[in-house]
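For reference, the structure is listed below as structure tokens.
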Amino acid sequence: MASTLDLTPRASARGVGSNADTIAPVYDYTAAGSAFARATRPDYFGWLEHVRAAAGCTRPIRLAGQILTVEQGTGRVLDQRRTDDMPDSAIYTACGNRRSRVCPSCAQTYQRDAFQLLRAGLVGGKGVPESVASHPAVFATFTAPSFGPVHARVVKRHTCGNRRRCDCRAEPCHARRDVGVCPHGRPAVCWARHEAGDAALGQPLCLDCYDHDHQVVWNIFSGELWHRTKQAAERWLTKLARRRGIPKVQVVTASGKTRKVAPVRLSPGKVAELQARGAVHFHAIARLDGIDGCDPDKVVPPPAGFTVADLIDALRHAATQIGFHTPPHPDRPDGWLIAWGEQVDLEPIATDGTGEVTDGMVAGYLAKYATKSTEATGHTSTRLTADTIGDYADPDGDHTARLIDACWRIGRPTHTPVPLSERPRDPRPRPGFVERWQCPDCGTHTRYPACPTCIAHRQAALDTQPAKPATSNPYARLRRWAHMLGYGGHFLTKGRRYSVTFQLLRDTRIAYRRHEDQAHEHPAASGQSVDQVGEDTTLIVGTLTFAGVGWHTSGDALLANTAAAMARERRTTGREELAHELSATPAGTVPAAA
């Protein structure tokens, strides 16, 4: 929301009396006062341009140091800039957080990048061939199983035009006449017709009957379930190709060997969403590709005969057949069953805009959930530790408190460490020199008791290993991700060949911003000036260090965020006007805005 402060400095008005005071007192310790003090400075507009890159960020990163522009061929320093000569003696950069609750501005940038990334995998562009628009593609939704009855809003027949603002009459939540109360004496029925924003949605009918342990374990192993489902779908498609007589494709691996692979592969893009009950489910775009024997990384259409129906059958078979039990746990020696729920929706995607599910609608839907976290459950916190777990976990508390308690309890250490006195020790060589000898492994001649060359190689190998050894307890990650109710995976993942990367989109945006103010003129006959040396001949060397997080004052945050909000409003208005003009322009003509 934009501020109502007038940011333009104005001249003081004079009253008719000598003691007239038409300006209210301004205190610098308030947000309005510090904003007024900043706006009345002579370098205000320079500061506003300096912080423009991170103006809308809630908590920007401040960097200090110097930036050198060096000629690559000669090493000559062409330009030198120090942060001491800049406003606030720092460079502001956006935090880049994807969560809309933490930073709405950076989350909006991430959402737009996610939309472009996901849509490019369906219609092409951004380096993806446009031929992918003809590939079979499916929009799939995989949900978690039931861990106990929860309050829900069920609408069997929608009559509204917009599902986001659905006002249709819902069915009774849990209308049952055969069971009145649960084993704990609580009502097992609910005749209420919940509204869309009802706080009871997602809450269990009985907290003691609900299986909180199973839910958090399902969340932590849901990534493995998705991986096995994708593999099962690919195996189904491979068997289908063999039954249809389509031969395998010979490809050359990175080691130079030749191997035969299936003629089809699955290129997915997946987004995770936490429901109101705290269970994660996945929305995925599954695209069917072929294999090019000469270039395995090339995106080619699948063999003739493969349709969207084959892809739907493969995903449905994998969702119903895949399931596994987790490793034993002291609280559950047989482990927990990890499988998909009964609700599995598979809809074909129409890239020509004629079907019910289009590429733009799917990409926008997935990009929206890529910026969400645990807001739907009502719980928001940072990573929990032994000092802060008591503020959120409660075995007798509400739904989210019991989920966090289950994460911390199941993720506890389950093994007894070996005492230090009983651990094996590596033999240590005695100090001093010995008779000259030759190492049988590397052939080095030395007088040290241990070969220095082999020791250096062994130490280099140890340096590449993680400092903290991997634990043998597969449930230990539950404590690390207790603030996420057990889910520790990425909220947006994709296949390597599905689309471009976020890094490519960010680099393209940085290059555009770096040159958007430069005049696009041809170089002179004598060559380019020092200020116009091409990027291929110069290097930007920065020695920047972390200086802090956030704005210096609340007034600076108010001014920067207000300017960014006004810029976003202008940009949104421009998009709406352009979309309206394009929709009103007859086919075959070019609009004036284009």
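To be explicit about the labels: the chains of the structure tokens are called A, B, and onward in the order shown, and within each one the residues are counted from 1, while ligands get numbers from 1 in the order they are shown.
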
Mind checking which residues fall within 9 Å of Trp191 in chain A, counting only C-alpha atoms, ignoring those fewer than 6 positions away in the same chain, and posting them as an mmCIF file with all heavy atoms, in the first residue's frame?
```cif
data_model
loop_
_atom_site.group_PDB
_atom_site.id
_atom_site.type_symbol
_atom_site.label_atom_id
_atom_site.label_comp_id
_atom_site.auth_asym_id
_atom_site.auth_seq_id
_atom_site.Cartn_x
_atom_site.Cartn_y
_atom_site.Cartn_z
ATOM 1 N N GLU A 171 -21.642 -27.857 0.876
ATOM 2 C CA GLU A 171 -22.308 -28.996 1.505
ATOM 3 C C GLU A 171 -21.961 -29.034 2.993
ATOM 4 O O GLU A 171 -20.978 -28.430 3.436
ATOM 5 C CB GLU A 171 -21.855 -30.294 0.823
ATOM 6 C CG GLU A 171 -22.183 -30.374 -0.654
ATOM 7 C CD GLU A 171 -23.671 -30.427 -0.912
ATOM 8 O OE1 GLU A 171 -24.393 -31.000 -0.073
ATOM 9 O OE2 GLU A 171 -24.122 -29.889 -1.937
ATOM 10 N N PRO A 172 -22.759 -29.743 3.795
ATOM 11 C CA PRO A 172 -22.384 -29.904 5.207
ATOM 12 C C PRO A 172 -21.010 -30.550 5.332
ATOM 13 O O PRO A 172 -20.620 -31.412 4.546
ATOM 14 C CB PRO A 172 -23.485 -30.805 5.765
ATOM 15 C CG PRO A 172 -24.657 -30.557 4.873
ATOM 16 C CD PRO A 172 -24.083 -30.300 3.513
ATOM 17 N N CYS A 173 -20.259 -30.114 6.314
ATOM 18 C CA CYS A 173 -18.857 -30.516 6.457
ATOM 19 C C CYS A 173 -18.730 -32.039 6.590
ATOM 20 O O CYS A 173 -18.125 -32.688 5.741
ATOM 21 C CB CYS A 173 -18.250 -29.810 7.663
ATOM 22 S SG CYS A 173 -16.533 -30.238 7.994
ATOM 23 N N HIS A 174 -19.253 -32.613 7.638
ATOM 24 C CA HIS A 174 -19.236 -34.070 7.852
ATOM 25 C C HIS A 174 -20.623 -34.465 8.341
ATOM 26 O O HIS A 174 -20.878 -34.518 9.558
ATOM 27 C CB HIS A 174 -18.162 -34.465 8.874
ATOM 28 C CG HIS A 174 -16.765 -34.388 8.348
ATOM 29 N ND1 HIS A 174 -16.181 -35.381 7.611
ATOM 30 C CD2 HIS A 174 -15.840 -33.408 8.449
ATOM 31 C CE1 HIS A 174 -14.950 -35.031 7.288
ATOM 32 N NE2 HIS A 174 -14.722 -33.831 7.786
ATOM 33 N N ALA A 175 -21.490 -34.742 7.399
ATOM 34 C CA ALA A 175 -22.873 -35.103 7.728
ATOM 35 C C ALA A 175 -22.959 -36.615 7.874
ATOM 36 O O ALA A 175 -22.995 -37.348 6.881
ATOM 37 C CB ALA A 175 -23.827 -34.600 6.640
ATOM 38 N N ARG A 176 -22.958 -37.087 9.099
ATOM 39 C CA ARG A 176 -23.053 -38.521 9.385
ATOM 40 C C ARG A 176 -24.106 -38.738 10.466
ATOM 41 O O ARG A 176 -24.208 -37.956 11.430
ATOM 42 C CB ARG A 176 -21.708 -39.064 9.861
ATOM 43 C CG ARG A 176 -20.575 -38.898 8.851
ATOM 44 C CD ARG A 176 -19.277 -39.394 9.421
ATOM 45 N NE ARG A 176 -19.343 -40.800 9.783
ATOM 46 C CZ ARG A 176 -18.347 -41.467 10.358
ATOM 47 N NH1 ARG A 176 -17.221 -40.840 10.670
ATOM 48 N NH2 ARG A 176 -18.485 -42.745 10.648
#
```

- Message: as an MDAnalysis selection string, please: the residues near range 393-395 of chain A (cut-off 9 Å, only C-alpha atoms, same-chain neighbours under 3 positions excluded).
- Response: chainID A and resid 389:390 398 400:406 408

- Please indicate the distance in Å from CA of Gln108 in chain A to CA of Glu577 in chain A, rounded to one decimal place.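 Pair CA of Gln108 in chain A / CA of Glu577 in chain A returns 20.2 Å.
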
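For the pair CA of Ala196 in chain A and CA of Val154 in chain A, the separation is 10.1 Å.
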
Taking 4 positions as the minimum chain separation for residues in the same chain, which residues sit within 10 Å of Ala94 in chain A when counting only C-alpha atoms? Answer as an mmCIF file with N, CA, C and O atoms, in the first residue's frame.
```cif
data_model
loop_
_atom_site.group_PDB
_atom_site.id
_atom_site.type_symbol
_atom_site.label_atom_id
_atom_site.label_comp_id
_atom_site.auth_asym_id
_atom_site.auth_seq_id
_atom_site.Cartn_x
_atom_site.Cartn_y
_atom_site.Cartn_z
ATOM 1 N N VAL A 51 18.866 3.764 -4.427
ATOM 2 C CA VAL A 51 18.216 2.610 -3.796
ATOM 3 C C VAL A 51 17.115 2.031 -4.681
ATOM 4 O O VAL A 51 16.346 1.185 -4.219
ATOM 5 N N ARG A 52 17.030 2.462 -5.932
ATOM 6 C CA ARG A 52 15.934 2.018 -6.795
ATOM 7 C C ARG A 52 15.952 0.512 -7.004
ATOM 8 O O ARG A 52 14.899 -0.127 -7.096
ATOM 9 N N ALA A 53 17.126 -0.101 -7.078
ATOM 10 C CA ALA A 53 17.201 -1.546 -7.333
ATOM 11 C C ALA A 53 16.596 -2.353 -6.191
ATOM 12 O O ALA A 53 16.100 -3.460 -6.420
ATOM 13 N N ALA A 54 16.608 -1.813 -4.974
ATOM 14 C CA ALA A 54 16.064 -2.541 -3.825
ATOM 15 C C ALA A 54 14.996 -1.728 -3.110
ATOM 16 O O ALA A 54 14.761 -1.917 -1.914
ATOM 17 N N ALA A 55 14.330 -0.824 -3.839
ATOM 18 C CA ALA A 55 13.408 0.112 -3.185
ATOM 19 C C ALA A 55 12.222 -0.606 -2.568
ATOM 20 O O ALA A 55 11.753 -0.240 -1.498
ATOM 21 N N GLY A 56 11.701 -1.628 -3.233
ATOM 22 C CA GLY A 56 10.525 -2.304 -2.713
ATOM 23 C C GLY A 56 10.829 -3.418 -1.734
ATOM 24 O O GLY A 56 9.909 -4.057 -1.227
ATOM 25 N N CYS A 57 12.105 -3.675 -1.448
ATOM 26 C CA CYS A 57 12.476 -4.787 -0.576
ATOM 27 C C CYS A 57 12.206 -4.422 0.878
ATOM 28 O O CYS A 57 12.443 -3.288 1.308
ATOM 29 N N THR A 58 11.725 -5.384 1.630
ATOM 30 C CA THR A 58 11.440 -5.137 3.039
ATOM 31 C C THR A 58 12.714 -5.051 3.865
ATOM 32 O O THR A 58 12.853 -4.164 4.710
ATOM 33 N N ARG A 59 13.640 -5.940 3.619
ATOM 34 C CA ARG A 59 14.907 -5.950 4.362
ATOM 35 C C ARG A 59 16.051 -6.105 3.370
ATOM 36 O O ARG A 59 16.558 -7.212 3.148
ATOM 37 N N PRO A 60 16.488 -5.027 2.723
ATOM 38 C CA PRO A 60 17.563 -5.149 1.730
ATOM 39 C C PRO A 60 18.904 -5.448 2.386
ATOM 40 O O PRO A 60 19.113 -5.215 3.581
ATOM 41 N N ILE A 61 19.811 -5.935 1.581
ATOM 42 C CA ILE A 61 21.169 -6.248 2.032
ATOM 43 C C ILE A 61 22.063 -5.047 1.722
ATOM 44 O O ILE A 61 22.078 -4.556 0.591
ATOM 45 N N ARG A 62 22.807 -4.591 2.714
ATOM 46 C CA ARG A 62 23.735 -3.473 2.524
ATOM 47 C C ARG A 62 25.151 -4.024 2.366
ATOM 48 O O ARG A 62 25.615 -4.829 3.184
ATOM 49 N N CYS A 103 8.842 -10.827 2.141
ATOM 50 C CA CYS A 103 9.141 -9.662 1.301
ATOM 51 C C CYS A 103 8.224 -9.704 0.085
ATOM 52 O O CYS A 103 8.479 -10.461 -0.867
ATOM 53 N N SER A 105 7.775 -7.604 -2.385
ATOM 54 C CA SER A 105 8.363 -7.142 -3.636
ATOM 55 C C SER A 105 9.236 -8.217 -4.272
ATOM 56 O O SER A 105 9.112 -8.515 -5.465
ATOM 57 N N CYS A 106 10.136 -8.813 -3.505
ATOM 58 C CA CYS A 106 10.998 -9.874 -4.050
ATOM 59 C C CYS A 106 10.179 -11.108 -4.415
ATOM 60 O O CYS A 106 10.504 -11.800 -5.386
ATOM 61 N N GLY A 550 18.592 -4.393 6.158
ATOM 62 C CA GLY A 550 17.511 -3.467 6.444
ATOM 63 C C GLY A 550 17.880 -2.031 6.141
ATOM 64 O O GLY A 550 19.031 -1.690 5.828
#
```

- Task: Find, counting only C-alpha atoms, the residue in A:Leu337, A:Leu384, A:Val299, A:Ala192 that gets nearest to Ser131 in chain A.
- Result: A:Val299

- Message: For the strand (DSSP E or B) assignment from backbone DSSP, which residues of range 269-455 of chain A qualify? Please present them as a PyMOL selection string.
- Response: chain A and resi 269-274+280-290+323-325+329+332+337-339+344-348+350+358+437-438+445-446

- Message: With only C-alpha atoms as the counted atoms, please give the residues lying no more than 10 Å from Pro440 in chain A, apart from itself and same-chain residues fewer than 4 positions off, as number ranges by chain.
- Response: A: 444-445, 451

May I have the residues from that selection written out with all heavy atoms, as a PDB file, in the first residue's frame?
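What landed in result_32.pdb:
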```pdb
ATOM      1  N   THR A 444      57.498 -41.413  -3.798  1.00  0.00           N
ATOM      2  CA  THR A 444      58.211 -40.256  -3.264  1.00  0.00           C
ATOM      3  C   THR A 444      59.305 -40.716  -2.298  1.00  0.00           C
ATOM      4  O   THR A 444      59.073 -41.581  -1.444  1.00  0.00           O
ATOM      5  CB  THR A 444      57.227 -39.317  -2.536  1.00  0.00           C
ATOM      6  OG1 THR A 444      56.216 -38.914  -3.452  1.00  0.00           O
ATOM      7  CG2 THR A 444      57.945 -38.086  -1.994  1.00  0.00           C
ATOM      8  N   HIS A 445      60.528 -40.135  -2.429  1.00  0.00           N
ATOM      9  CA  HIS A 445      61.632 -40.399  -1.501  1.00  0.00           C
ATOM     10  C   HIS A 445      61.580 -39.351  -0.395  1.00  0.00           C
ATOM     11  O   HIS A 445      61.553 -38.149  -0.662  1.00  0.00           O
ATOM     12  CB  HIS A 445      62.984 -40.340  -2.220  1.00  0.00           C
ATOM     13  CG  HIS A 445      63.151 -41.427  -3.233  1.00  0.00           C
ATOM     14  ND1 HIS A 445      63.712 -42.651  -2.936  1.00  0.00           N
ATOM     15  CD2 HIS A 445      62.820 -41.477  -4.552  1.00  0.00           C
ATOM     16  CE1 HIS A 445      63.728 -43.413  -4.026  1.00  0.00           C
ATOM     17  NE2 HIS A 445      63.194 -42.722  -5.034  1.00  0.00           N
ATOM     18  N   CYS A 451      54.600 -40.399   4.343  1.00  0.00           N
ATOM     19  CA  CYS A 451      54.824 -39.753   3.048  1.00  0.00           C
ATOM     20  C   CYS A 451      54.069 -38.431   3.005  1.00  0.00           C
ATOM     21  O   CYS A 451      52.827 -38.409   3.144  1.00  0.00           O
ATOM     22  CB  CYS A 451      54.376 -40.684   1.929  1.00  0.00           C
ATOM     23  SG  CYS A 451      54.503 -39.939   0.285  1.00  0.00           S
TER      24      CYS A 451
END
```
